[in-house]
file final.pdb (PDB, C-alpha atoms and all ligand atoms)
ATOM      1  CA  MET A   1     -19.779  13.164  15.659
ATOM      2  CA  LYS A   2     -19.104  13.175  11.887
ATOM      3  CA  ILE A   3     -19.437   9.742  10.325
ATOM      4  CA  GLY A   4     -18.220   8.830   6.832
ATOM      5  CA  PHE A   5     -18.787   5.784   4.690
ATOM      6  CA  TYR A   6     -16.274   4.552   2.096
ATOM      7  CA  PRO A   7     -17.647   1.795  -0.157
ATOM      8  CA  GLY A   8     -15.711  -0.186  -2.745
ATOM      9  CA  SER A   9     -14.897  -3.563  -4.229
ATOM     10  CA  PHE A  10     -11.280  -3.539  -3.006
ATOM     11  CA  ASP A  11     -10.291  -6.440  -5.294
ATOM     12  CA  PRO A  12      -7.699  -6.143  -3.821
ATOM     13  CA  ILE A  13      -7.076  -3.079  -1.654
ATOM     14  CA  THR A  14      -4.148  -1.002  -3.010
ATOM     15  CA  PHE A  15      -2.012   1.858  -1.692
ATOM     16  CA  GLY A  16      -4.420   4.163  -3.560
ATOM     17  CA  HIS A  17      -7.371   2.956  -1.475
ATOM     18  CA  LEU A  18      -5.279   3.071   1.694
ATOM     19  CA  ASP A  19      -4.360   6.692   0.993
ATOM     20  CA  ILE A  20      -8.068   7.553   0.774
ATOM     21  CA  VAL A  21      -8.823   5.673   4.024
ATOM     22  CA  GLU A  22      -5.986   7.392   5.909
ATOM     23  CA  ARG A  23      -7.001  10.830   4.739
ATOM     24  CA  GLY A  24     -10.704  10.095   5.245
ATOM     25  CA  ALA A  25      -9.986   9.009   8.803
ATOM     26  CA  LYS A  26      -8.695  12.532   9.465
ATOM     27  CA  LEU A  27     -11.805  14.135   8.008
ATOM     28  CA  PHE A  28     -14.330  12.080   9.949
ATOM     29  CA  ASP A  29     -14.579  11.126  13.592
ATOM     30  CA  LYS A  30     -15.505   7.662  12.430
ATOM     31  CA  LEU A  31     -15.032   6.122   8.991
ATOM     32  CA  TYR A  32     -16.747   2.923   7.927
ATOM     33  CA  VAL A  33     -15.198   1.034   5.041
ATOM     34  CA  ALA A  34     -17.706  -1.225   3.290
ATOM     35  CA  VAL A  35     -16.456  -4.043   1.104
ATOM     36  CA  SER A  36     -19.003  -4.863  -1.570
ATOM     37  CA  ALA A  37     -20.190  -8.418  -2.112
ATOM     38  CA  ASN A  38     -21.684  -8.118  -5.577
ATOM     39  CA  PRO A  39     -22.226 -11.730  -6.697
ATOM     40  CA  ASN A  40     -22.680 -10.596 -10.326
ATOM     41  CA  LYS A  41     -19.168  -9.215 -10.479
ATOM     42  CA  THR A  42     -16.294 -11.609 -11.154
ATOM     43  CA  THR A  43     -13.549 -10.898  -8.666
ATOM     44  CA  MET A  44     -10.085 -12.300  -8.063
ATOM     45  CA  PHE A  45     -10.728 -12.487  -4.322
ATOM     46  CA  SER A  46     -13.926 -13.665  -2.649
ATOM     47  CA  ALA A  47     -15.933 -11.188  -0.600
ATOM     48  CA  LYS A  48     -14.546 -12.701   2.591
ATOM     49  CA  GLU A  49     -10.941 -12.568   1.339
ATOM     50  CA  ARG A  50     -11.325  -8.921   0.266
ATOM     51  CA  LEU A  51     -12.877  -8.087   3.634
ATOM     52  CA  ASP A  52     -10.073  -9.788   5.582
ATOM     53  CA  LEU A  53      -7.385  -8.028   3.529
ATOM     54  CA  VAL A  54      -8.932  -4.582   4.054
ATOM     55  CA  LYS A  55      -9.268  -5.296   7.808
ATOM     56  CA  GLU A  56      -5.620  -6.325   8.015
ATOM     57  CA  VAL A  57      -4.355  -3.302   6.079
ATOM     58  CA  VAL A  58      -6.264  -0.668   8.090
ATOM     59  CA  LYS A  59      -6.089  -2.363  11.497
ATOM     60  CA  ASP A  60      -3.906   0.345  13.051
ATOM     61  CA  ILE A  61      -6.191   3.229  12.138
ATOM     62  CA  LYS A  62      -8.229   3.639  15.292
ATOM     63  CA  ASN A  63     -11.396   5.328  14.003
ATOM     64  CA  VAL A  64     -11.877   3.035  11.003
ATOM     65  CA  GLU A  65     -14.224   0.063  10.976
ATOM     66  CA  VAL A  66     -14.456  -2.415   8.109
ATOM     67  CA  PHE A  67     -17.435  -4.585   7.262
ATOM     68  CA  GLN A  68     -19.140  -6.441   4.430
ATOM     69  CA  ALA A  69     -21.767  -4.439   2.589
ATOM     70  CA  THR A  70     -25.088  -6.225   2.409
ATOM     71  CA  LYS A  71     -27.380  -3.517   1.085
ATOM     72  CA  LEU A  72     -27.495  -0.207  -0.722
ATOM     73  CA  THR A  73     -24.841   2.311   0.286
ATOM     74  CA  VAL A  74     -27.409   4.892   1.369
ATOM     75  CA  GLU A  75     -29.232   2.337   3.511
ATOM     76  CA  HIS A  76     -26.001   1.482   5.295
ATOM     77  CA  CYS A  77     -25.373   5.202   5.758
ATOM     78  CA  ARG A  78     -28.779   5.635   7.390
ATOM     79  CA  ASP A  79     -28.256   2.649   9.692
ATOM     80  CA  LEU A  80     -24.820   3.907  10.750
ATOM     81  CA  HIS A  81     -25.779   7.605  10.907
ATOM     82  CA  ALA A  82     -23.175   8.361   8.264
ATOM     83  CA  THR A  83     -23.800  11.746   6.668
ATOM     84  CA  HIS A  84     -21.225  11.431   3.886
ATOM     85  CA  ILE A  85     -20.128   8.876   1.330
ATOM     86  CA  LEU A  86     -16.404   9.052   0.640
ATOM     87  CA  ARG A  87     -14.954   8.245  -2.781
ATOM     88  CA  GLY A  88     -11.545   8.606  -4.372
ATOM     89  CA  LEU A  89     -10.895  10.322  -7.688
ATOM     90  CA  ARG A  90      -7.962   9.464  -9.887
ATOM     91  CA  ALA A  91      -8.150  10.861 -13.401
ATOM     92  CA  VAL A  92     -10.982  12.400 -15.411
ATOM     93  CA  THR A  93     -11.850   8.856 -16.457
ATOM     94  CA  ASP A  94     -13.315   8.285 -12.960
ATOM     95  CA  TYR A  95     -15.474  11.351 -13.267
ATOM     96  CA  ASP A  96     -18.338  10.066 -15.446
ATOM     97  CA  TYR A  97     -18.899   7.006 -13.314
ATOM     98  CA  GLU A  98     -18.640   8.881 -10.021
ATOM     99  CA  PHE A  99     -20.883  11.675 -11.306
ATOM    100  CA  GLN A 100     -23.568   9.152 -12.225
ATOM    101  CA  LEU A 101     -23.230   7.267  -8.937
ATOM    102  CA  THR A 102     -23.332  10.445  -6.846
ATOM    103  CA  ASN A 103     -26.439  11.722  -8.574
ATOM    104  CA  PHE A 104     -28.130   8.363  -8.339
ATOM    105  CA  ASN A 105     -27.469   8.239  -4.600
ATOM    106  CA  ARG A 106     -28.662  11.824  -4.300
ATOM    107  CA  GLN A 107     -31.932  10.884  -6.017
ATOM    108  CA  ILE A 108     -32.653   8.162  -3.511
ATOM    109  CA  ALA A 109     -31.225   9.919  -0.443
ATOM    110  CA  SER A 110     -30.901  13.673  -0.794
ATOM    111  CA  ASP A 111     -29.716  14.057   2.800
ATOM    112  CA  ILE A 112     -26.559  12.008   2.240
ATOM    113  CA  ASP A 113     -23.808  13.797   0.368
ATOM    114  CA  THR A 114     -20.740  12.415  -1.398
ATOM    115  CA  VAL A 115     -17.279  13.862  -0.887
ATOM    116  CA  PHE A 116     -14.250  13.148  -3.048
ATOM    117  CA  LEU A 117     -10.605  13.044  -2.205
ATOM    118  CA  MET A 118      -8.255  13.441  -5.121
ATOM    119  CA  THR A 119      -5.615  10.790  -5.161
ATOM    120  CA  GLU A 120      -1.969  11.536  -4.587
ATOM    121  CA  GLY A 121      -0.252  11.890  -7.974
ATOM    122  CA  LYS A 122       1.792   8.740  -7.535
ATOM    123  CA  TYR A 123      -1.386   6.667  -7.164
ATOM    124  CA  SER A 124      -3.328   8.270  -9.978
ATOM    125  CA  TYR A 125      -2.598   5.416 -12.395
ATOM    126  CA  LEU A 126      -3.132   2.711  -9.800
ATOM    127  CA  SER A 127      -6.189   0.488  -9.924
ATOM    128  CA  SER A 128      -7.078  -2.936  -8.555
ATOM    129  CA  SER A 129      -7.542  -4.170 -12.105
ATOM    130  CA  SER A 130      -4.035  -3.176 -13.170
ATOM    131  CA  VAL A 131      -2.620  -4.854 -10.061
ATOM    132  CA  ARG A 132      -4.541  -8.044 -10.907
ATOM    133  CA  GLU A 133      -3.332  -7.967 -14.480
ATOM    134  CA  LEU A 134       0.266  -7.335 -13.466
ATOM    135  CA  ALA A 135       0.094 -10.234 -11.025
ATOM    136  CA  LEU A 136      -1.379 -12.605 -13.602
ATOM    137  CA  PHE A 137       1.566 -11.897 -15.890
ATOM    138  CA  GLY A 138       4.085 -12.495 -13.131
ATOM    139  CA  GLY A 139       4.960  -8.840 -12.447
ATOM    140  CA  ASP A 140       6.022  -7.443  -9.091
ATOM    141  CA  VAL A 141       3.044  -5.876  -7.321
ATOM    142  CA  SER A 142       4.952  -4.774  -4.216
ATOM    143  CA  PRO A 143       5.132  -1.068  -5.201
ATOM    144  CA  PHE A 144       1.336  -0.964  -5.383
ATOM    145  CA  VAL A 145      -0.067  -3.005  -2.495
ATOM    146  CA  PRO A 146       0.759  -3.621   1.169
ATOM    147  CA  GLU A 147       2.812  -6.719   2.019
ATOM    148  CA  SER A 148      -0.164  -8.778   3.264
ATOM    149  CA  VAL A 149      -1.952  -8.185  -0.034
ATOM    150  CA  LYS A 150       1.132  -9.163  -2.023
ATOM    151  CA  ILE A 151       1.316 -12.434  -0.069
ATOM    152  CA  ALA A 152      -2.371 -13.119  -0.743
ATOM    153  CA  ILE A 153      -1.915 -12.399  -4.461
ATOM    154  CA  ASP A 154       1.125 -14.690  -4.681
ATOM    155  CA  LYS A 155      -0.874 -17.478  -3.022
ATOM    156  CA  LYS A 156      -3.800 -16.976  -5.373
ATOM    157  CA  ILE A 157      -1.566 -17.101  -8.438
ATOM    158  CA  ALA A 158       0.313 -20.167  -7.173
ATOM    159  CA  ASN A 159      -2.983 -22.035  -6.640
ATOM    160  CA  ARG A 160      -4.311 -21.340 -10.122
TER     161      ARG A 160
HETATM  162  P1  LIG B   1     -15.803   0.320  -7.054
HETATM  163  O1  LIG B   1     -16.062  -1.003  -7.689
HETATM  164  O2  LIG B   1     -16.886   0.794  -6.134
HETATM  165  O3  LIG B   1     -15.338   1.410  -8.003
HETATM  166  P2  LIG B   1     -13.061   0.200  -6.152
HETATM  167  O4  LIG B   1     -12.520  -0.690  -5.114
HETATM  168  O5  LIG B   1     -12.529   0.030  -7.545
HETATM  169  O6  LIG B   1     -14.616  -0.008  -6.063
HETATM  170  O7  LIG B   1     -12.875   1.705  -5.736
HETATM  171  C1  LIG B   1     -13.426   2.234  -4.568
HETATM  172  C2  LIG B   1     -13.141   3.722  -4.504
HETATM  173  O8  LIG B   1     -11.741   3.928  -4.382
HETATM  174  C3  LIG B   1     -13.573   4.503  -5.749
HETATM  175  O9  LIG B   1     -14.032   5.781  -5.330
HETATM  176  C4  LIG B   1     -12.301   4.631  -6.529
HETATM  177  O10 LIG B   1     -12.321   5.761  -7.381
HETATM  178  C5  LIG B   1     -11.299   4.790  -5.409
HETATM  179  N1  LIG B   1      -9.956   4.410  -5.833
HETATM  180  C6  LIG B   1      -9.547   3.274  -6.418
HETATM  181  N2  LIG B   1      -8.222   3.308  -6.689
HETATM  182  C7  LIG B   1      -7.781   4.518  -6.256
HETATM  183  C8  LIG B   1      -6.511   5.199  -6.276
HETATM  184  N3  LIG B   1      -5.444   4.653  -6.822
HETATM  185  N4  LIG B   1      -6.464   6.428  -5.743
HETATM  186  C9  LIG B   1      -7.565   7.004  -5.225
HETATM  187  N5  LIG B   1      -8.782   6.444  -5.198
HETATM  188  C10 LIG B   1      -8.892   5.222  -5.708
END
call {"tool": "encode", "arguments": {"input": "final.pdb", "output": "structure tokens", "more": "lines below"}}
Ligand code: ADP
result
Amino acid sequence: MKIGFYPGSFDPITFGHLDIVERGAKLFDKLYVAVSANPNKTTMFSAKERLDLVKEVVKDIKNVEVFQATKLTVEHCRDLHATHILRGLRAVTDYDYEFQLTNFNRQIASDIDTVFLMTEGKYSYLSSSSVRELALFGGDVSPFVPESVKIAIDKKIANR
């Protein structure tokens, strides 16, 4: 059984992330999606809110399981018997960061490899941060995020 592990902040989950999950679910028998809970990072949505949104969005993909990350990615991989970390690549601008992260993980766990899926062209300019910014300025986020996420964003903005 091939097990993959897709970590991220998902603040919030976008169609770009979903594309990676759907394609990753075809590559692996089981794909874990780990929502980070980095308390040092300022996020629009709390860890619990991000977790619930990811769960809702991927609920129909049978071999995907979502949970809150509580430790290092490679430690989770060991616990779950995941052999591969899955990451998405948009433009060359992602490369430096992902290169550093991959090599760091490789240093601490040489047996766990990272695989990359290149985003679909239409999502290559899509990031959680641009969705957040668009929302803050009253723009329509519906082309970029699933309906449940749009509702959550609208609520967040209305309560500000
Ligand atoms: P992190 O804080 O770990 O970068 P993100 O939630 O921003 O978390 O991203 C998680 C992963 O999803 C990263 O590998 C990122 O490159 C990828 N990703 C984000 N947006 C897209 C997109 N539009 N298309 C493909 N991959 C994406």
call {"tool": "residues_near_ligand", "arguments": {"input": "final.pdb", "ligand": "ligand LIG 1 (chain B)", "cutoff": "10 Å", "atoms": "only C-alpha atoms and all ligand atoms", "output": "MDAnalysis selection string"}}
result
chainID A and resid 6:21 33:36 38 41 50 85:91 93:95 97:98 101 115:129 144
call {"tool": "write_last_selection", "arguments": {"input": "final.pdb", "atoms": "C-alpha atoms", "output": "PDB file, keeping the file's coordinate frame"}}
result
ATOM      1  CA  TYR A   6     -16.274   4.552   2.096  1.00  0.00           C
ATOM      2  CA  PRO A   7     -17.647   1.795  -0.157  1.00  0.00           C
ATOM      3  CA  GLY A   8     -15.711  -0.186  -2.745  1.00  0.00           C
ATOM      4  CA  SER A   9     -14.897  -3.563  -4.229  1.00  0.00           C
ATOM      5  CA  PHE A  10     -11.280  -3.539  -3.006  1.00  0.00           C
ATOM      6  CA  ASP A  11     -10.291  -6.440  -5.294  1.00  0.00           C
ATOM      7  CA  PRO A  12      -7.699  -6.143  -3.821  1.00  0.00           C
ATOM      8  CA  ILE A  13      -7.076  -3.079  -1.654  1.00  0.00           C
ATOM      9  CA  THR A  14      -4.148  -1.002  -3.010  1.00  0.00           C
ATOM     10  CA  PHE A  15      -2.012   1.858  -1.692  1.00  0.00           C
ATOM     11  CA  GLY A  16      -4.420   4.163  -3.560  1.00  0.00           C
ATOM     12  CA  HIS A  17      -7.371   2.956  -1.475  1.00  0.00           C
ATOM     13  CA  LEU A  18      -5.279   3.071   1.694  1.00  0.00           C
ATOM     14  CA  ASP A  19      -4.360   6.692   0.993  1.00  0.00           C
ATOM     15  CA  ILE A  20      -8.068   7.553   0.774  1.00  0.00           C
ATOM     16  CA  VAL A  21      -8.823   5.673   4.024  1.00  0.00           C
ATOM     17  CA  VAL A  33     -15.198   1.034   5.041  1.00  0.00           C
ATOM     18  CA  ALA A  34     -17.706  -1.225   3.290  1.00  0.00           C
ATOM     19  CA  VAL A  35     -16.456  -4.043   1.104  1.00  0.00           C
ATOM     20  CA  SER A  36     -19.003  -4.863  -1.570  1.00  0.00           C
ATOM     21  CA  ASN A  38     -21.684  -8.118  -5.577  1.00  0.00           C
ATOM     22  CA  LYS A  41     -19.168  -9.215 -10.479  1.00  0.00           C
ATOM     23  CA  ARG A  50     -11.325  -8.921   0.266  1.00  0.00           C
ATOM     24  CA  ILE A  85     -20.128   8.876   1.330  1.00  0.00           C
ATOM     25  CA  LEU A  86     -16.404   9.052   0.640  1.00  0.00           C
ATOM     26  CA  ARG A  87     -14.954   8.245  -2.781  1.00  0.00           C
ATOM     27  CA  GLY A  88     -11.545   8.606  -4.372  1.00  0.00           C
ATOM     28  CA  LEU A  89     -10.895  10.322  -7.688  1.00  0.00           C
ATOM     29  CA  ARG A  90      -7.962   9.464  -9.887  1.00  0.00           C
ATOM     30  CA  ALA A  91      -8.150  10.861 -13.401  1.00  0.00           C
ATOM     31  CA  THR A  93     -11.850   8.856 -16.457  1.00  0.00           C
ATOM     32  CA  ASP A  94     -13.315   8.285 -12.960  1.00  0.00           C
ATOM     33  CA  TYR A  95     -15.474  11.351 -13.267  1.00  0.00           C
ATOM     34  CA  TYR A  97     -18.899   7.006 -13.314  1.00  0.00           C
ATOM     35  CA  GLU A  98     -18.640   8.881 -10.021  1.00  0.00           C
ATOM     36  CA  LEU A 101     -23.230   7.267  -8.937  1.00  0.00           C
ATOM     37  CA  VAL A 115     -17.279  13.862  -0.887  1.00  0.00           C
ATOM     38  CA  PHE A 116     -14.250  13.148  -3.048  1.00  0.00           C
ATOM     39  CA  LEU A 117     -10.605  13.044  -2.205  1.00  0.00           C
ATOM     40  CA  MET A 118      -8.255  13.441  -5.121  1.00  0.00           C
ATOM     41  CA  THR A 119      -5.615  10.790  -5.161  1.00  0.00           C
ATOM     42  CA  GLU A 120      -1.969  11.536  -4.587  1.00  0.00           C
ATOM     43  CA  GLY A 121      -0.252  11.890  -7.974  1.00  0.00           C
ATOM     44  CA  LYS A 122       1.792   8.740  -7.535  1.00  0.00           C
ATOM     45  CA  TYR A 123      -1.386   6.667  -7.164  1.00  0.00           C
ATOM     46  CA  SER A 124      -3.328   8.270  -9.978  1.00  0.00           C
ATOM     47  CA  TYR A 125      -2.598   5.416 -12.395  1.00  0.00           C
ATOM     48  CA  LEU A 126      -3.132   2.711  -9.800  1.00  0.00           C
ATOM     49  CA  SER A 127      -6.189   0.488  -9.924  1.00  0.00           C
ATOM     50  CA  SER A 128      -7.078  -2.936  -8.555  1.00  0.00           C
ATOM     51  CA  SER A 129      -7.542  -4.170 -12.105  1.00  0.00           C
ATOM     52  CA  PHE A 144       1.336  -0.964  -5.383  1.00  0.00           C
TER      53      PHE A 144
END
call {"tool": "residues_near_point", "arguments": {"input": "final.pdb", "point": "(3.4, -4.4, -3.0)", "cutoff": "10 Å", "atoms": "only C-alpha atoms", "output": "PyMOL selection string"}}
result
chain A and resi 14-15+131+140-151+153
call {"tool": "atom_distance", "arguments": {"input": "final.pdb", "atom1": "atom CA of Phe104 of chain A", "atom2": "atom CA of Met1 of chain A"}}
result
25.9 Å
call {"tool": "atom_distance", "arguments": {"input": "final.pdb", "atom1": "atom CA of Glu56 of chain A", "atom2": "atom CA of Thr73 of chain A"}}
result
22.4 Å
call {"tool": "residues_around", "arguments": {"input": "final.pdb", "residues": "Gly4 of chain A", "least_positions_apart": "5", "cutoff": "10 Å", "atoms": "all atoms listed in the file", "output": "VMD selection string"}}
result
chain A and resid 24 to 25 27 to 33 64 77 80 to 86 113 to 115
call {"tool": "closest_residue", "arguments": {"input": "final.pdb", "among": "A:Val66, A:Ala152, A:Leu72, A:Ala109", "to": "Leu51 of chain A", "atoms": "only C-alpha atoms"}}
result
A:Val66
call {"tool": "axis_aligned_box", "arguments": {"input": "final.pdb", "around": "segment 145-156 of chain A", "padding_each_side": "5 Å", "output": "AutoDock Vina command-line options"}}
result
--center_x -0.5 --center_y -10.2 --center_z -1.1 --size_x 16.6 --size_y 24.5 --size_z 18.6
call {"tool": "atom_distance", "arguments": {"input": "final.pdb", "atom1": "atom CA of Gln100 of chain A", "atom2": "atom CA of Asp79 of chain A"}}
result
23.3 Å
call {"tool": "build_atoms", "arguments": {"input": "final.pdb", "residues": "segment 13-36 of chain A", "atoms": "N, CA, C and O atoms", "output": "CSV table (one decimal), keeping the file's coordinate frame"}}
result
chain,number,residue,atom,x,y,z
A,13,ILE,N,-7.4,-4.4,-2.1
A,13,ILE,CA,-7.1,-3.1,-1.7
A,13,ILE,C,-5.6,-2.7,-2.1
A,13,ILE,O,-4.7,-3.6,-2.1
A,14,THR,N,-5.5,-1.5,-2.5
A,14,THR,CA,-4.1,-1.0,-3.0
A,14,THR,C,-3.7,0.2,-2.1
A,14,THR,O,-4.5,0.7,-1.3
A,15,PHE,N,-2.5,0.7,-2.4
A,15,PHE,CA,-2.0,1.9,-1.7
A,15,PHE,C,-2.9,3.1,-2.0
A,15,PHE,O,-3.0,4.0,-1.2
A,16,GLY,N,-3.5,3.1,-3.2
A,16,GLY,CA,-4.4,4.2,-3.6
A,16,GLY,C,-5.6,4.2,-2.6
A,16,GLY,O,-6.0,5.3,-2.1
A,17,HIS,N,-6.2,3.0,-2.4
A,17,HIS,CA,-7.4,3.0,-1.5
A,17,HIS,C,-6.9,3.4,-0.1
A,17,HIS,O,-7.6,4.1,0.6
A,18,LEU,N,-5.8,2.8,0.3
A,18,LEU,CA,-5.3,3.1,1.7
A,18,LEU,C,-5.1,4.6,1.9
A,18,LEU,O,-5.4,5.1,3.0
A,19,ASP,N,-4.6,5.2,0.9
A,19,ASP,CA,-4.4,6.7,1.0
A,19,ASP,C,-5.7,7.4,1.3
A,19,ASP,O,-5.8,8.3,2.1
A,20,ILE,N,-6.7,6.9,0.6
A,20,ILE,CA,-8.1,7.6,0.8
A,20,ILE,C,-8.6,7.3,2.2
A,20,ILE,O,-9.1,8.1,2.9
A,21,VAL,N,-8.4,6.0,2.7
A,21,VAL,CA,-8.8,5.7,4.0
A,21,VAL,C,-8.1,6.5,5.1
A,21,VAL,O,-8.7,7.1,6.0
A,22,GLU,N,-6.8,6.6,4.9
A,22,GLU,CA,-6.0,7.4,5.9
A,22,GLU,C,-6.4,8.9,5.9
A,22,GLU,O,-6.6,9.4,7.0
A,23,ARG,N,-6.6,9.4,4.8
A,23,ARG,CA,-7.0,10.8,4.7
A,23,ARG,C,-8.4,11.0,5.2
A,23,ARG,O,-8.8,12.0,5.8
A,24,GLY,N,-9.3,10.1,4.8
A,24,GLY,CA,-10.7,10.1,5.2
A,24,GLY,C,-10.8,10.0,6.8
A,24,GLY,O,-11.7,10.6,7.4
A,25,ALA,N,-9.9,9.2,7.3
A,25,ALA,CA,-10.0,9.0,8.8
A,25,ALA,C,-9.7,10.3,9.5
A,25,ALA,O,-10.0,10.5,10.7
A,26,LYS,N,-9.0,11.2,8.9
A,26,LYS,CA,-8.7,12.5,9.5
A,26,LYS,C,-9.9,13.5,9.3
A,26,LYS,O,-10.0,14.5,10.0
A,27,LEU,N,-10.7,13.2,8.3
A,27,LEU,CA,-11.8,14.1,8.0
A,27,LEU,C,-13.0,13.8,8.9
A,27,LEU,O,-13.8,14.7,9.2
A,28,PHE,N,-13.2,12.5,9.2
A,28,PHE,CA,-14.3,12.1,9.9
A,28,PHE,C,-13.9,11.6,11.3
A,28,PHE,O,-12.8,11.1,11.5
A,29,ASP,N,-14.9,11.7,12.3
A,29,ASP,CA,-14.6,11.1,13.6
A,29,ASP,C,-14.6,9.6,13.5
A,29,ASP,O,-13.8,8.9,14.2
A,30,LYS,N,-15.4,9.1,12.6
A,30,LYS,CA,-15.5,7.7,12.4
A,30,LYS,C,-15.7,7.4,10.9
A,30,LYS,O,-16.5,8.1,10.3
A,31,LEU,N,-14.9,6.5,10.4
A,31,LEU,CA,-15.0,6.1,9.0
A,31,LEU,C,-15.3,4.6,8.9
A,31,LEU,O,-14.5,3.8,9.3
A,32,TYR,N,-16.4,4.3,8.2
A,32,TYR,CA,-16.7,2.9,7.9
A,32,TYR,C,-16.3,2.6,6.5
A,32,TYR,O,-16.5,3.4,5.6
A,33,VAL,N,-15.6,1.5,6.4
A,33,VAL,CA,-15.2,1.0,5.0
A,33,VAL,C,-16.0,-0.2,4.7
A,33,VAL,O,-16.0,-1.2,5.5
A,34,ALA,N,-16.8,-0.1,3.6
A,34,ALA,CA,-17.7,-1.2,3.3
A,34,ALA,C,-17.2,-1.9,2.0
A,34,ALA,O,-17.0,-1.3,1.0
A,35,VAL,N,-17.0,-3.2,2.2
A,35,VAL,CA,-16.5,-4.0,1.1
A,35,VAL,C,-17.7,-4.7,0.4
A,35,VAL,O,-18.4,-5.4,1.0
A,36,SER,N,-17.8,-4.4,-0.9
A,36,SER,CA,-19.0,-4.9,-1.6
A,36,SER,C,-18.9,-6.4,-1.8
A,36,SER,O,-17.9,-7.0,-1.8
